[in-house]
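What's in my_file-v2.csv: CSV, C-alpha atoms
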```
chain,number,residue,atom,x,y,z
A,1472,MET,CA,-11.1,34.0,23.9
A,1473,ASN,CA,-9.4,36.1,21.2
A,1474,GLY,CA,-6.6,37.0,23.6
A,1475,PHE,CA,-5.7,33.3,24.1
A,1476,PRO,CA,-5.5,31.6,20.6
A,1477,LEU,CA,-5.7,27.9,20.7
A,1478,PRO,CA,-2.5,26.0,19.7
A,1479,PRO,CA,-2.5,24.3,16.2
A,1480,VAL,CA,-2.2,20.8,17.7
A,1481,PRO,CA,-5.3,19.6,19.5
A,1482,VAL,CA,-4.9,19.1,23.2
A,1483,PRO,CA,-4.5,15.4,24.3
A,1484,GLY,CA,-7.6,13.8,25.7
A,1485,PRO,CA,-7.7,12.5,29.3
A,1486,VAL,CA,-6.9,8.9,28.2
A,1487,PRO,CA,-3.6,7.2,28.8
A,1488,GLN,CA,-1.8,5.2,26.2
A,1489,PRO,CA,-2.3,1.4,26.6
A,1490,ALA,CA,1.5,0.7,26.0
A,1491,PRO,CA,4.8,2.5,25.8
A,1492,ALA,CA,5.1,4.5,22.7
A,1493,TRP,CA,8.0,2.5,21.2
A,1494,ILE,CA,5.8,-0.7,21.3
A,1495,LEU,CA,2.9,1.0,19.6
A,1496,TRP,CA,5.2,2.5,17.0
A,1497,GLY,CA,6.8,-0.8,16.3
A,1498,LEU,CA,3.5,-2.5,15.8
A,1499,LEU,CA,2.3,0.4,13.7
A,1500,VAL,CA,5.3,0.0,11.3
A,1501,PHE,CA,5.2,-3.8,11.2
A,1502,THR,CA,1.5,-4.2,10.6
A,1503,PHE,CA,1.5,-1.4,8.0
A,1504,MET,CA,4.2,-3.2,6.0
A,1505,LEU,CA,1.9,-6.3,5.9
A,1506,HIS,CA,-1.0,-4.2,4.9
A,1507,LEU,CA,1.1,-2.5,2.2
A,1508,LEU,CA,2.1,-5.8,0.6
A,1509,ALA,CA,-1.5,-7.0,0.4
A,1510,MET,CA,-2.8,-3.7,-0.8
A,1511,ASN,CA,-0.1,-3.5,-3.5
A,1512,PHE,CA,-1.3,-6.9,-4.8
A,1513,VAL,CA,-4.8,-5.6,-4.9
A,1514,VAL,CA,-4.1,-2.3,-6.7
A,1515,GLY,CA,-1.2,-3.4,-8.8
A,1516,GLY,CA,-2.6,-6.8,-9.5
A,1517,SER,CA,-5.9,-5.3,-10.7
A,1518,VAL,CA,-4.1,-3.0,-13.1
A,1519,ILE,CA,-1.9,-5.7,-14.4
A,1520,GLY,CA,-4.9,-8.1,-14.7
A,1521,ALA,CA,-6.9,-5.6,-16.7
A,1522,VAL,CA,-4.1,-4.8,-19.1
A,1523,THR,CA,-3.2,-8.4,-19.5
A,1524,ALA,CA,-6.8,-9.4,-20.1
A,1525,ARG,CA,-6.9,-6.8,-22.9
A,1526,LEU,CA,-3.6,-8.2,-24.4
A,1527,GLY,CA,-4.8,-11.7,-24.0
A,1528,ARG,CA,-7.7,-11.2,-26.4
A,1529,ARG,CA,-5.4,-11.6,-29.2
A,1530,GLY,CA,-5.0,-15.2,-30.3
A,1531,GLY,CA,-2.2,-17.5,-29.3
A,1532,ARG,CA,-1.6,-16.1,-25.8
A,1533,PRO,CA,-2.6,-18.8,-23.3
A,1534,HIS,CA,-0.2,-17.5,-20.7
A,1535,HIS,CA,-2.0,-14.2,-20.5
A,1536,ALA,CA,-5.3,-16.0,-19.9
A,1537,ALA,CA,-3.7,-18.2,-17.2
A,1538,LEU,CA,-2.3,-15.2,-15.4
A,1539,VAL,CA,-5.5,-13.2,-15.6
A,1540,HIS,CA,-7.4,-16.2,-14.3
A,1541,TRP,CA,-5.1,-16.5,-11.2
A,1542,LEU,CA,-5.2,-12.8,-10.5
A,1543,THR,CA,-9.0,-12.8,-10.8
A,1544,GLN,CA,-9.4,-15.8,-8.5
A,1545,ALA,CA,-7.0,-14.4,-5.9
A,1546,MET,CA,-8.4,-10.9,-5.8
A,1547,PRO,CA,-11.3,-11.4,-3.3
A,1548,ILE,CA,-8.9,-13.1,-0.9
A,1549,ALA,CA,-6.2,-10.4,-1.4
A,1550,LEU,CA,-8.8,-7.7,-0.7
A,1551,ALA,CA,-9.9,-9.4,2.5
A,1552,ALA,CA,-6.3,-9.6,3.6
A,1553,THR,CA,-5.8,-6.0,2.7
A,1554,ILE,CA,-8.7,-4.9,4.9
A,1555,THR,CA,-7.8,-7.3,7.7
A,1556,PHE,CA,-4.1,-6.2,7.8
A,1557,GLY,CA,-5.3,-2.6,7.5
A,1558,VAL,CA,-7.3,-2.6,10.7
A,1559,ALA,CA,-4.3,-3.0,13.0
A,1560,PRO,CA,-2.1,-0.1,11.7
A,1561,LEU,CA,-5.1,2.1,11.6
A,1562,LEU,CA,-5.8,1.4,15.3
A,1563,PHE,CA,-2.2,2.0,16.3
A,1564,LEU,CA,-2.2,5.2,14.3
A,1565,GLN,CA,-5.3,6.3,16.2
A,1566,VAL,CA,-3.6,5.6,19.5
A,1567,LEU,CA,-0.5,7.5,18.7
A,1568,TYR,CA,-1.9,10.3,16.6
A,1569,GLY,CA,-5.6,10.1,17.2
A,1570,ARG,CA,-6.1,13.8,17.9
A,1571,LEU,CA,-4.7,14.6,14.5
A,1572,PHE,CA,-6.2,11.7,12.6
A,1573,PHE,CA,-9.7,12.1,14.0
A,1574,THR,CA,-9.7,15.8,13.3
A,1575,SER,CA,-8.5,15.4,9.6
A,1576,SER,CA,-11.1,12.6,9.2
A,1577,VAL,CA,-13.9,14.9,10.4
A,1578,LEU,CA,-12.7,17.7,8.1
A,1579,LEU,CA,-12.7,15.3,5.1
A,1580,GLY,CA,-16.3,14.6,6.0
A,1581,TRP,CA,-18.3,12.8,3.3
A,1582,PHE,CA,-15.1,11.8,1.4
A,1583,TRP,CA,-14.0,9.7,4.5
A,1584,PHE,CA,-17.5,8.3,5.0
A,1585,ALA,CA,-17.4,7.2,1.3
A,1586,VAL,CA,-14.6,4.7,1.9
A,1587,VAL,CA,-16.7,1.9,3.4
A,1588,PRO,CA,-19.4,1.9,0.6
A,1589,LEU,CA,-16.7,2.2,-2.0
A,1590,VAL,CA,-14.9,-0.9,-0.5
A,1591,MET,CA,-18.2,-2.8,-0.5
A,1592,VAL,CA,-18.8,-2.1,-4.2
A,1593,ALA,CA,-15.3,-3.0,-5.1
A,1594,TYR,CA,-15.7,-6.3,-3.1
A,1595,TYR,CA,-18.8,-7.2,-5.1
A,1596,GLY,CA,-16.8,-6.4,-8.3
A,1597,THR,CA,-14.0,-8.8,-7.4
A,1598,TYR,CA,-16.5,-11.6,-6.5
A,1599,LEU,CA,-18.4,-11.1,-9.8
A,1600,LEU,CA,-15.1,-11.4,-11.8
A,1601,ALA,CA,-14.0,-14.4,-9.7
A,1602,PHE,CA,-17.1,-16.4,-10.0
A,1603,LYS,CA,-19.1,-15.1,-13.0
A,1604,SER,CA,-16.4,-14.1,-15.5
A,1605,ALA,CA,-17.5,-16.6,-18.1
A,1606,SER,CA,-21.1,-15.1,-18.2
A,1607,LEU,CA,-20.2,-11.4,-18.0
A,1608,GLY,CA,-18.9,-11.1,-21.5
A,1609,ARG,CA,-17.9,-7.6,-22.4
A,1610,TRP,CA,-19.2,-6.4,-19.1
A,1611,GLY,CA,-16.2,-8.1,-17.4
A,1612,GLY,CA,-13.8,-5.5,-18.8
A,1613,TRP,CA,-15.9,-2.7,-17.6
A,1614,ILE,CA,-16.2,-4.2,-14.1
A,1615,ARG,CA,-12.4,-4.6,-14.0
A,1616,TRP,CA,-11.8,-1.0,-14.7
A,1617,LEU,CA,-14.5,0.1,-12.4
A,1618,THR,CA,-13.0,-1.8,-9.5
A,1619,ILE,CA,-9.6,-0.2,-10.3
A,1620,LEU,CA,-11.2,3.2,-10.4
A,1621,ILE,CA,-12.6,2.5,-6.9
A,1622,PHE,CA,-9.3,1.3,-5.6
A,1623,VAL,CA,-7.4,4.3,-6.7
A,1624,THR,CA,-10.2,6.6,-5.4
A,1625,ILE,CA,-9.9,5.0,-2.0
A,1626,SER,CA,-6.1,5.4,-2.1
A,1627,PHE,CA,-6.6,9.1,-3.0
A,1628,ILE,CA,-8.9,9.6,0.0
A,1629,PHE,CA,-6.4,8.0,2.3
A,1630,ALA,CA,-3.6,10.1,0.8
A,1631,ASN,CA,-5.7,13.2,1.6
A,1632,ASN,CA,-6.3,12.1,5.2
A,1633,MET,CA,-2.6,11.2,5.8
A,1634,SER,CA,-1.4,14.5,4.4
A,1635,LEU,CA,-4.0,16.6,6.1
A,1636,MET,CA,-3.4,15.2,9.5
A,1637,LEU,CA,0.2,16.5,9.2
A,1638,ARG,CA,-1.1,20.1,8.9
A,1639,PRO,CA,-2.8,20.9,12.2
A,1640,ASP,CA,-2.1,24.5,11.5
A,1641,LEU,CA,-4.9,24.4,8.9
A,1642,PHE,CA,-7.5,22.7,11.1
A,1643,ARG,CA,-9.2,25.8,12.5
A,1644,ALA,CA,-9.4,27.6,9.2
A,1645,ILE,CA,-10.9,24.6,7.5
A,1646,TYR,CA,-13.4,24.1,10.3
A,1647,ALA,CA,-14.3,27.8,10.3
A,1648,SER,CA,-15.0,27.7,6.5
A,1649,GLY,CA,-18.1,25.6,7.3
A,1650,SER,CA,-17.3,23.0,4.6
A,1651,THR,CA,-18.7,19.5,5.3
A,1652,SER,CA,-16.2,17.8,3.0
A,1653,HIS,CA,-12.7,19.2,2.6
A,1654,ALA,CA,-10.3,17.7,0.1
A,1655,ASN,CA,-6.7,18.7,0.9
A,1656,LEU,CA,-6.0,19.5,-2.8
A,1657,SER,CA,-3.9,22.6,-2.0
A,1658,ASP,CA,-1.2,20.6,-0.2
A,1659,PRO,CA,1.9,20.5,-2.5
A,1660,THR,CA,2.8,17.0,-1.2
A,1661,LEU,CA,-0.5,15.4,-2.0
A,1662,TRP,CA,-0.1,14.6,-5.6
A,1663,PRO,CA,3.5,13.4,-5.5
A,1664,ARG,CA,2.7,11.3,-2.4
A,1665,TYR,CA,-0.4,9.8,-4.1
A,1666,LEU,CA,1.3,9.1,-7.4
A,1667,HIS,CA,4.5,7.7,-5.8
A,1668,PHE,CA,2.5,5.2,-3.7
A,1669,THR,CA,0.2,4.3,-6.5
A,1670,LEU,CA,3.0,3.5,-9.0
A,1671,ALA,CA,4.8,1.6,-6.3
A,1672,ALA,CA,1.7,-0.6,-5.9
A,1673,VAL,CA,1.7,-1.4,-9.7
A,1674,ALA,CA,5.4,-2.2,-9.5
A,1675,ILE,CA,5.0,-4.5,-6.5
A,1676,GLY,CA,2.1,-6.1,-8.3
A,1677,GLY,CA,4.6,-7.0,-11.0
A,1678,MET,CA,6.9,-8.5,-8.4
A,1679,TRP,CA,3.9,-10.6,-7.2
A,1680,VAL,CA,3.5,-11.9,-10.7
A,1681,SER,CA,7.2,-12.8,-10.9
A,1682,GLY,CA,7.0,-14.5,-7.6
A,1683,TYR,CA,4.0,-16.5,-8.8
A,1684,GLY,CA,6.0,-17.5,-11.8
A,1685,LEU,CA,8.9,-18.5,-9.6
A,1686,VAL,CA,6.5,-20.9,-7.7
A,1687,CYS,CA,5.0,-22.3,-10.8
A,1688,ARG,CA,8.2,-22.9,-12.8
A,1689,ARG,CA,8.6,-26.6,-11.7
A,1690,ARG,CA,5.0,-27.7,-12.4
A,1691,ARG,CA,4.5,-25.4,-15.4
A,1692,PRO,CA,7.9,-24.4,-16.7
A,1693,GLU,CA,6.8,-22.5,-19.8
A,1694,PHE,CA,4.2,-20.5,-17.9
A,1695,GLY,CA,6.6,-19.9,-15.0
A,1696,GLN,CA,9.4,-18.6,-17.2
A,1697,TRP,CA,7.0,-16.3,-19.0
A,1698,ALA,CA,5.4,-15.0,-15.8
A,1699,MET,CA,8.7,-14.3,-14.2
A,1700,ARG,CA,9.8,-12.2,-17.2
A,1701,TYR,CA,6.4,-10.6,-17.6
A,1702,GLY,CA,6.3,-9.5,-14.0
A,1703,ALA,CA,9.9,-8.3,-14.2
A,1704,HIS,CA,9.0,-6.1,-17.1
A,1705,TRP,CA,6.2,-4.5,-15.1
A,1706,PHE,CA,8.3,-4.0,-12.0
A,1707,SER,CA,11.4,-2.5,-13.7
A,1708,GLY,CA,9.5,-0.3,-16.1
A,1709,VAL,CA,7.1,1.2,-13.5
A,1710,THR,CA,9.9,1.6,-10.9
A,1711,ALA,CA,12.0,3.5,-13.4
A,1712,LEU,CA,9.1,6.0,-13.7
A,1713,ASN,CA,8.4,6.0,-10.0
A,1714,LEU,CA,12.0,7.2,-9.2
A,1715,PHE,CA,11.0,10.6,-10.6
A,1716,MET,CA,7.8,10.6,-8.5
A,1717,GLY,CA,9.8,9.7,-5.4
A,1718,PHE,CA,12.2,12.7,-5.9
A,1719,TRP,CA,9.2,14.9,-6.6
A,1720,PHE,CA,7.7,13.8,-3.3
A,1721,LEU,CA,10.9,14.4,-1.5
A,1722,PHE,CA,11.4,17.9,-2.9
A,1723,SER,CA,7.8,18.9,-2.3
A,1724,LEU,CA,8.2,18.4,1.4
A,1725,PRO,CA,8.5,21.5,3.6
A,1726,ARG,CA,12.1,22.6,4.0
A,1727,GLU,CA,12.4,21.7,7.6
A,1728,THR,CA,11.0,18.2,6.9
A,1729,MET,CA,13.2,17.6,3.9
A,1730,ALA,CA,16.3,18.7,5.8
A,1731,ARG,CA,15.9,15.7,8.1
A,1732,PHE,CA,17.1,13.5,5.2
A,1733,MET,CA,20.1,15.7,4.4
A,1734,GLY,CA,22.3,14.8,7.4
A,1735,PRO,CA,20.9,16.4,10.6
A,1736,VAL,CA,18.9,13.2,11.5
A,1737,PRO,CA,21.2,10.3,10.7
A,1738,VAL,CA,18.4,7.7,10.9
A,1739,ALA,CA,16.3,9.5,8.3
A,1740,THR,CA,19.3,10.0,6.0
A,1741,ALA,CA,20.4,6.3,6.3
A,1742,VAL,CA,17.0,4.8,5.6
A,1743,LEU,CA,16.4,7.1,2.6
A,1744,GLY,CA,19.8,6.4,1.2
A,1745,LEU,CA,19.5,2.6,1.7
A,1746,GLY,CA,16.0,2.7,0.3
A,1747,ILE,CA,17.0,4.5,-2.9
A,1748,PHE,CA,20.0,2.2,-3.3
A,1749,ALA,CA,17.9,-1.0,-2.7
A,1750,GLY,CA,15.2,0.2,-5.0
A,1751,MET,CA,17.5,1.0,-7.9
A,1752,ALA,CA,19.4,-2.3,-7.3
A,1753,THR,CA,16.2,-4.2,-7.3
A,1754,MET,CA,15.0,-2.4,-10.5
A,1755,THR,CA,18.3,-3.4,-12.2
A,1756,VAL,CA,18.1,-7.0,-11.1
A,1757,MET,CA,14.5,-7.3,-12.4
A,1758,PHE,CA,15.4,-5.6,-15.7
A,1759,LEU,CA,18.0,-8.3,-16.1
A,1760,ALA,CA,15.5,-10.9,-15.1
A,1761,ALA,CA,13.1,-9.7,-17.8
A,1762,HIS,CA,15.7,-10.6,-20.5
A,1763,ALA,CA,17.5,-13.5,-18.8
A,1764,PRO,CA,17.3,-17.1,-20.2
A,1765,ARG,CA,17.1,-18.3,-16.6
A,1766,PRO,CA,15.3,-15.5,-14.6
A,1767,ALA,CA,14.6,-17.6,-11.4
A,1768,PRO,CA,17.8,-16.6,-9.4
A,1769,LEU,CA,17.4,-13.0,-10.4
A,1770,VAL,CA,13.7,-13.0,-9.4
A,1771,SER,CA,14.6,-14.5,-6.0
A,1772,GLY,CA,17.2,-11.8,-5.5
A,1773,GLY,CA,14.7,-9.1,-6.6
A,1774,ILE,CA,12.2,-10.3,-4.0
A,1775,GLY,CA,14.8,-9.9,-1.3
A,1776,GLY,CA,15.8,-6.5,-2.5
A,1777,LEU,CA,12.1,-5.4,-2.7
A,1778,LEU,CA,11.6,-6.4,1.0
A,1779,VAL,CA,14.5,-4.3,2.0
A,1780,THR,CA,13.2,-1.4,-0.1
A,1781,VAL,CA,9.7,-1.6,1.4
A,1782,VAL,CA,11.1,-1.6,5.0
A,1783,CYS,CA,13.2,1.5,4.2
A,1784,MET,CA,10.4,3.3,2.5
A,1785,VAL,CA,8.0,2.7,5.3
A,1786,LEU,CA,10.6,4.1,7.7
A,1787,VAL,CA,11.1,7.1,5.4
A,1788,ARG,CA,7.3,7.7,5.5
A,1789,ASP,CA,7.5,7.6,9.3
A,1790,GLN,CA,10.3,10.1,9.3
A,1791,VAL,CA,8.3,12.4,7.0
A,1792,ARG,CA,5.5,12.3,9.6
A,1793,ARG,CA,7.8,12.8,12.5
A,1794,GLY,CA,9.5,15.8,10.7
A,1795,ALA,CA,6.2,17.4,9.8
A,1796,LEU,CA,4.8,17.1,13.3
A,1797,ALA,CA,8.0,18.3,14.9
A,1798,THR,CA,7.5,21.6,13.2
A,1799,MET,CA,4.1,21.8,14.8
A,1800,ASN,CA,5.5,21.1,18.3
A,1801,PHE,CA,3.5,17.8,18.5
A,1802,GLU,CA,4.2,15.8,21.6
A,1803,PRO,CA,2.9,12.2,22.2
A,1804,VAL,CA,0.7,11.5,25.2
A,1805,PRO,CA,3.0,11.2,28.2
A,1806,TRP,CA,0.5,9.3,30.3
A,1807,VAL,CA,1.0,5.5,29.9
A,1808,GLU,CA,-0.8,2.7,31.7
A,1809,PRO,CA,0.2,-0.5,30.0
A,1810,GLN,CA,-2.5,-3.1,29.4
A,1811,TRP,CA,-0.2,-6.1,29.1
A,1812,THR,CA,-3.0,-8.7,29.0
A,1813,ASN,CA,-4.7,-7.1,26.0
A,1814,ILE,CA,-1.4,-6.6,24.2
A,1815,SER,CA,-0.4,-10.2,24.8
A,1816,LEU,CA,-3.8,-11.4,23.5
A,1817,PHE,CA,-3.4,-9.2,20.4
A,1818,LEU,CA,0.0,-10.6,19.7
A,1819,VAL,CA,-1.2,-14.2,20.0
A,1820,LEU,CA,-4.3,-13.6,17.8
A,1821,PHE,CA,-2.2,-11.7,15.4
A,1822,VAL,CA,0.4,-14.5,15.0
A,1823,ALA,CA,-2.5,-17.0,14.6
A,1824,GLY,CA,-4.2,-14.8,12.0
A,1825,ALA,CA,-1.0,-14.2,10.1
A,1826,ALA,CA,-0.3,-18.0,10.0
A,1827,ALA,CA,-3.8,-18.6,8.7
A,1828,VAL,CA,-3.3,-16.0,6.0
A,1829,VAL,CA,0.1,-17.5,5.0
A,1830,TRP,CA,-1.6,-20.9,4.7
A,1831,MET,CA,-4.4,-19.5,2.5
A,1832,VAL,CA,-1.9,-17.7,0.3
A,1833,ARG,CA,0.2,-20.8,-0.1
A,1834,ALA,CA,-2.9,-22.9,-0.9
A,1835,LEU,CA,-4.0,-20.2,-3.5
A,1836,VAL,CA,-0.6,-20.1,-5.1
A,1837,MET,CA,-0.1,-23.8,-5.2
A,1838,ALA,CA,-3.6,-24.5,-6.6
A,1839,GLY,CA,-2.7,-26.0,-10.0
A,1840,ARG,CA,-4.4,-25.0,-13.2
A,1841,PRO,CA,-4.1,-26.7,-16.6
A,1842,GLU,CA,-0.9,-25.6,-18.4
A,1843,THR,CA,-2.9,-24.0,-21.2
A,1844,GLY,CA,-4.4,-21.7,-18.6
A,1845,ASP,CA,-8.0,-22.3,-19.8
A,1846,GLY,CA,-10.5,-20.8,-17.6
A,1847,PRO,CA,-12.7,-17.7,-17.1
A,1848,VAL,CA,-11.0,-14.5,-18.0
```
Show me, as structure tokens, the structure contained in the file I just sent.
Amino acid sequence: MNGFPLPPVPVPGPVPQPAPAWILWGLLVFTFMLHLLAMNFVVGGSVIGAVTARLGRRGGRPHHAALVHWLTQAMPIALAATITFGVAPLLFLQVLYGRLFFTSSVLLGWFWFAVVPLVMVAYYGTYLLAFKSASLGRWGGWIRWLTILIFVTISFIFANNMSLMLRPDLFRAIYASGSTSHANLSDPTLWPRYLHFTLAAVAIGGMWVSGYGLVCRRRRPEFGQWAMRYGAHWFSGVTALNLFMGFWFLFSLPRETMARFMGPVPVATAVLGLGIFAGMATMTVMFLAAHAPRPAPLVSGGIGGLLVTVVCMVLVRDQVRRGALATMNFEPVPWVEPQWTNISLFLVLFVAGAAAVVWMVRALVMAGRPETGDGPV
């Protein structure tokens, strides 16, 4: 056995792929973007809600109370959407990269097992805040920050898994160590990856706030104008900080992976360049919106710019994965036996589910509250 060392990448199992790789990849990217938008509302909205609730304790700030009330009421639904939209990309990830993802999950051990109970506790926290805020008193603030701590902990566990699965050269050594729970803390890309995506969640949470203000501006003009500017402050300020995290993440990548973005792989270079340009342009537009007498047109443009940025950054993330695995000689499973009936059924149910979510989001956003924003905080 010592004379024939095992390759770093686990050998493919005797199971064919249920669809061509390009279809699975497209569904992975698309469903992950939907999950990302919902997840960013949960993480970013929770942080903005907690800070805004603190600021709203000072007298004469009814808009703060109104925003906190809306974020609090929306959070259980947003968390449900995050989980629902997260199932599909996780399944497609397992189909394409299962031998890496399953191995890294096993090596994470109890950290990975902890995700489900942590989500359950956070779920209870969001429901307590949504339906019992008035009776929680000072405990409400503690519950807010506890749920935020749980959300960022779950994000950190996922960042560990996503970074560890790109290092199959470490799998055997970690397994041989006998550890039942391995955190990939020695990976130089872990912290910049985690901080970059966490700050992006807060920034996009600010865009959600601005978008909510954009919708409310006709029925509640004063609150709408305030919410658009308030969310724009959050987005532009956090994005400015996150630019440094993004470059830290880029330069922390292995040399071979980072080189993909410097010209040799035109697609990687193009999506990175467009993503940086779109992100900086959106940040500038939202900074102007935060100080504009009429922020609505700028916020509308900012939302469009953000969508372009998110698409580009998801593709950049995919290029990072491709580059890292290329250095490990990873090859996708060549055996394909399409299951077109199952794929068609998935697409039909997915479209129906997405339509239901859009309807629920619209109903939630359009649900009117008194202009003073009175309600549980």
Separation of atom CA of A:Phe1556 from atom CA of A:His1506, in Å and rounded to one decimal =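 Here the two named atoms are 4.7 Å from each other.
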Go ahead and find all residues with at least one atom no further than 10 Å from (-14.3, -10.4, -7.8) in the file's coordinates, using all atoms listed in the file; report them as a ChimeraX atom specification.
-> /A:1542-1548,1550,1593-1604,1614-1615,1618
Residue nearest A:Gln1696 - candidates A:Trp1719, A:His1762, A:Ile1675, A:Thr1574, atoms counted: all atoms listed in the file |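 Checking each candidate against A:Gln1696, we get A:His1762 as the closest.
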Extract, using only C-alpha atoms, all DNA, RNA and protein residues at most 7 Å from A:Leu1685, discarding same-chain residues fewer than 6 positions from it, and format them as an NGL selection string.
-> :A and (1695 or 1699 or 1767)
How close does stretch 1668-1772 of chain A get to stretch 1523-1537 of chain A? List, as CSV, each residue of stretch 1668-1772 of chain A within 9 Å, its nearest atom pair and the distance in Å to one decimal, counting all atoms listed in the file.
```
residue,atom,partner,partner_atom,distance
A:Glu1693,CA,A:His1534,CA,8.6
A:Phe1694,CA,A:His1534,CA,6.0
A:Trp1697,CA,A:His1534,CA,7.5
A:Ala1698,CA,A:His1534,CA,7.8
```
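Pairwise distance (atom CA of A:Val1770, atom CA of A:Gly1682) equals 7.1 Å.
The gap separating atom CA of A:Phe1512 from atom CA of A:Met1784 is 17.2 Å, in Å to one decimal.
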